[in-house]
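Trainee: One structure, pasted below without further comment.
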Amino acid sequence: MDFVKELEWRGMIHDIMPGTAEQLEKEMTTAYVGIDPTADSLHIGHLVSIMILKHFQRCGHRPVALVGGATGMIGDPSGKSAERNLLDEATLNHNVEAIKAQLQKLLDFNSDAPNAAVLVNNYEWMKNFSFLTFIRDIGKCITVNYMMAKDSVKKRFNGEGDGMSFTEFSYQLLQGYDFMYLYEHMGCKLQLGGSDQWGNITTGTELIRRKLGGEAFALTCPLVKKADGTKFGKTESGNIWLDPRYTSPYKFYQFWLNVSDEDAKSYIRIFTMLDRQTIETLIAEHEVSPGERKLQKVLAREVTCMIHSEEEWRKAVEASGVLFGGATAESLKALDEATVLAVFEGVPQFEVSKADLEAGIPFVELCVEKANVFPSKGETRKLIQGGGVSMNKTKVADPMQSVTTADLIADKYVVVQKGKKNYFLLKFV
């Protein structure tokens with residue numbers, strides 16, 4: 001497969017240095033992407049460059065994922081208008097290990113093939129560098145004029161934010177040195193990244209040229225935005241993380257399921273490994289009956305399976321049915337606690353003593369006296385007679401129906417539903 005052509009039809013190339021395509025045609029090439037460990041999980045904003053590494057490996061080349069244990073101590077000013085809070089070494093080390101574990105699910109590091117992925121941490125080669133050695137051997141190779149001409153620097157010097165510290169100003173030199181180090185020690189001739197990284201990447205190619213007399217290349221992908229121009233990957237509750245501790249598989253699945261038609265057409269090219277014909281067929285089918293949201297469903301399935309697992313995708317589909325489809329009592333009872341809380345986030349919740357269930361409690365008493373689900377027993381009886389009340393997705397036929405510990409979901413919850421859309425979550429503690 002031709003790597004550049006593959007990225008072109010997917011809309012994943014923003015800038016490409018002359019000679020890059022020819023280098024990739026000539027031989028198996030090593031390329032790297034750098035990730036700063038500012039948190040102990042990647043989020044979906046990182047996925048674009050990781051997908052590029054996946055395509056790179058599939059096309060027969062060798063991908064290197066660099067986790068920036070050293071550069072993470074400084075903070076990349078690209079695209080930022082304010083100085084980043086610096087993390088201590090223990091936090092950075094924890095973040096690096098967590099990110100490594102996530103990357104190992106997405107790239108093939110264990111193959112015997114010559115293009116097996118490699119994981120590196122730039123702290124390993126930066127930790128013994130003295131300041132004097134660095135400014136003597138590296139700093140003299142790049143002029144301040146060259147560094148000032150970079151967009152990420154110019155914006156900050158022209159009034160965006162509060163200026164730039166020397167610490168951040170030095171970032172592009174450190175990233176440039178990473179490229180030179182990998183060029184020397186691993187034969188890495190290409191750096192990949194987002195379009196906001198172009199300035200930092202080309203500093204590396206320039207350093208390789210001036211210091212080593214070598215030739216290196218650069219390729220960047222566009223920064224992904226929603227069709228309406230707003231930031232991709234952000235919701236009201238913050239980033240969409242790859243770690244299920246921060247974004248449950250259910251919420252992760254829902255994010256992709258709920259993207260707009262226009263965004264789905266672009267995201268399915270960028271965030272899945274589906275081939276061109278499959279994607280074009282899906283888009284054509286979607287155009288015929290957009291109401292079925294087939295494109296979004298396939299997108300959500302592919303990305304959720306890739307990041308979590310097929311089992312988590314199936315759970316997410318079943319959980320979606322709880323609110324939006326014909327879920328059964330059995331499928332509701334199969335949910336774990338994290339999924340229950342994710343599904344019913346934002347619905348009214350009531351805490352009830354678990355001791356009330358030991359001998360069984362009448363449904364009407366539970367929902368009126370123990371939890372303020374309904375205003376009165378009379379209204380509860382009337383709603384039940386009209387067939388408008390369910391418990392755990394099963395119609396309540398008798399107001400005096402006994403509720404016991406056997407009715408608990410995840411050993412802690414009961415779901416009460418009034419009408420089609422009004423849910424209440426009872427938590428037993």
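FYI, nothing fancy with the structure tokens labels: chains A, B, ... in order, residues from 1 per chain, ligands from 1 as they appear.
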Could you pull out the alpha helix (DSSP H) residues of range 275-334 of chain A from DSSP and send them as a PyMOL selection string?

Mentor: chain A and resi 276-288+294-307+310-324+329-333

Trainee: Using DSSP secondary structure from the backbone, list all strand (DSSP E) positions within range 58-136 of chain A, as an MDAnalysis selection string.

Mentor: chainID A and resid 62:67 118:121

Trainee: Please determine, counting only C-alpha atoms, which residue among A:Thr339, A:Gln104, A:Thr380, A:Ser353 has the shortest atom-to-atom distance to Val368 in chain A.

Mentor: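 Of all the options, A:Thr380 lies closest to Val368 in chain A.
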
Trainee: At what distance in Å, to one decimal, does CA of Ala406 in chain A lie from CA of Leu341 in chain A?

Mentor: 19.4 Å

Trainee: Taking 2 positions as the minimum chain separation for residues in the same chain, which residues sit within 12 Å of Thr304 in chain A when counting only C-alpha atoms? Answer as a short mmCIF file (atom, residue, chain, number, x, y, z; two decimals) with C-alpha atoms, in the first residue's frame.

Mentor:
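The resulting part.cif:
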data_model
loop_
_atom_site.label_atom_id
_atom_site.label_comp_id
_atom_site.auth_asym_id
_atom_site.auth_seq_id
_atom_site.Cartn_x
_atom_site.Cartn_y
_atom_site.Cartn_z
CA ILE A 44 -9.46 11.22 21.11
CA TRP A 241 -10.66 9.95 27.07
CA LEU A 242 -9.48 6.51 25.99
CA ASP A 243 -9.25 5.35 29.61
CA PRO A 244 -12.60 3.92 30.80
CA THR A 247 -14.90 8.18 29.87
CA SER A 248 -16.97 5.00 30.16
CA PRO A 249 -17.19 2.78 27.06
CA TYR A 250 -20.91 3.67 26.95
CA LYS A 251 -20.22 7.43 26.86
CA PHE A 252 -17.37 6.84 24.40
CA TYR A 253 -19.74 4.92 22.11
CA GLN A 254 -22.44 7.58 22.48
CA PHE A 255 -20.00 10.33 21.44
CA TRP A 256 -19.39 8.71 18.05
CA LEU A 257 -23.02 7.64 17.64
CA PHE A 271 -10.69 7.08 12.77
CA THR A 272 -11.29 3.64 11.25
CA GLN A 296 -22.72 6.72 12.79
CA LYS A 297 -23.46 3.18 14.00
CA VAL A 298 -20.57 1.68 12.01
CA LEU A 299 -18.24 4.51 13.10
CA ALA A 300 -19.18 4.02 16.77
CA ARG A 301 -18.73 0.25 16.48
CA GLU A 302 -15.32 0.42 14.79
CA MET A 306 -10.58 -0.63 18.59
CA ILE A 307 -10.17 1.34 21.83
CA HIS A 308 -12.08 -0.90 24.26
CA SER A 309 -13.22 -4.28 22.88
CA GLU A 310 -16.03 -5.93 20.97
CA GLU A 311 -17.54 -6.98 24.30
CA GLU A 312 -17.60 -3.37 25.55
CA TRP A 313 -19.17 -2.27 22.25
CA ARG A 314 -21.93 -4.87 22.67
CA LYS A 315 -22.52 -3.70 26.25
CA ALA A 316 -22.71 -0.10 25.03
CA VAL A 317 -25.27 -1.03 22.35
#

Trainee: Which residues of range 149-237 of chain A come within 12 Å of range 61-73 of chain A, and what is each one's closest atom pair and distance in Å (one decimal), counting only C-alpha atoms, sorted by chain and residue number, as JSON lines?

Mentor:
{"residue": "A:Thr167", "atom": "CA", "partner": "A:Met73", "partner_atom": "CA", "distance": 9.6}
{"residue": "A:Glu168", "atom": "CA", "partner": "A:Thr71", "partner_atom": "CA", "distance": 9.8}
{"residue": "A:Phe169", "atom": "CA", "partner": "A:Thr71", "partner_atom": "CA", "distance": 12.0}
{"residue": "A:Ser170", "atom": "CA", "partner": "A:Thr71", "partner_atom": "CA", "distance": 9.9}
{"residue": "A:Tyr171", "atom": "CA", "partner": "A:Thr71", "partner_atom": "CA", "distance": 7.0}
{"residue": "A:Gln172", "atom": "CA", "partner": "A:Thr71", "partner_atom": "CA", "distance": 9.5}
{"residue": "A:Leu173", "atom": "CA", "partner": "A:Thr71", "partner_atom": "CA", "distance": 10.1}
{"residue": "A:Leu174", "atom": "CA", "partner": "A:Thr71", "partner_atom": "CA", "distance": 6.9}
{"residue": "A:Gln175", "atom": "CA", "partner": "A:Thr71", "partner_atom": "CA", "distance": 7.3}
{"residue": "A:Gly176", "atom": "CA", "partner": "A:Thr71", "partner_atom": "CA", "distance": 10.9}
{"residue": "A:Tyr177", "atom": "CA", "partner": "A:Thr71", "partner_atom": "CA", "distance": 10.7}
{"residue": "A:Asp178", "atom": "CA", "partner": "A:Leu66", "partner_atom": "CA", "distance": 9.0}
{"residue": "A:Phe179", "atom": "CA", "partner": "A:Leu66", "partner_atom": "CA", "distance": 10.1}
{"residue": "A:Tyr181", "atom": "CA", "partner": "A:Leu66", "partner_atom": "CA", "distance": 11.7}
{"residue": "A:Leu182", "atom": "CA", "partner": "A:Val64", "partner_atom": "CA", "distance": 9.3}
{"residue": "A:Tyr183", "atom": "CA", "partner": "A:Val64", "partner_atom": "CA", "distance": 11.5}
{"residue": "A:Met186", "atom": "CA", "partner": "A:Val64", "partner_atom": "CA", "distance": 9.5}
{"residue": "A:Gly187", "atom": "CA", "partner": "A:Arg62", "partner_atom": "CA", "distance": 10.4}
{"residue": "A:Cys188", "atom": "CA", "partner": "A:Val64", "partner_atom": "CA", "distance": 8.5}
{"residue": "A:Lys189", "atom": "CA", "partner": "A:Arg62", "partner_atom": "CA", "distance": 10.7}
{"residue": "A:Leu190", "atom": "CA", "partner": "A:Pro63", "partner_atom": "CA", "distance": 9.8}
{"residue": "A:Gln191", "atom": "CA", "partner": "A:Val64", "partner_atom": "CA", "distance": 9.4}
{"residue": "A:Leu192", "atom": "CA", "partner": "A:Pro63", "partner_atom": "CA", "distance": 9.8}
{"residue": "A:Gly193", "atom": "CA", "partner": "A:Ala65", "partner_atom": "CA", "distance": 11.1}

Trainee: Env of Arg276 in chain A: 9 Å cut, atoms = only C-alpha atoms, seq-sep filter 3 positions within chain, self excluded. Answer as a PyMOL selection string.

Mentor: chain A and resi 6+9-10+269+279-281

Trainee: Between CA of Ser41 in chain A and CA of Val118 in chain A, measure the distance and give it in Å to one decimal.

Mentor: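 If I compute the distance from CA of Ser41 in chain A to CA of Val118 in chain A, I get 19.0 Å.
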
Trainee: Excluding Lys427 in chain A and residues on its chain fewer than 4 positions from it, collect all residues at most 8 Å away from it, counting only C-alpha atoms, and give them as a PyMOL selection string.

Mentor: chain A and resi 349-352+412-414

Trainee: So that I have them on file, write out the residues from the current selection with C-alpha atoms, as a tab-separated table (two decimals), in the first residue's frame.

Mentor:
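The new file out-v4.tsv reads:
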chain	number	residue	atom	x	y	z
A	349	GLN	CA	-31.60	9.93	41.89
A	350	PHE	CA	-32.73	8.91	45.36
A	351	GLU	CA	-30.85	7.13	48.13
A	352	VAL	CA	-32.76	4.46	50.05
A	412	LYS	CA	-27.38	-1.50	44.27
A	413	TYR	CA	-29.93	0.10	41.89
A	414	VAL	CA	-33.57	0.02	40.83
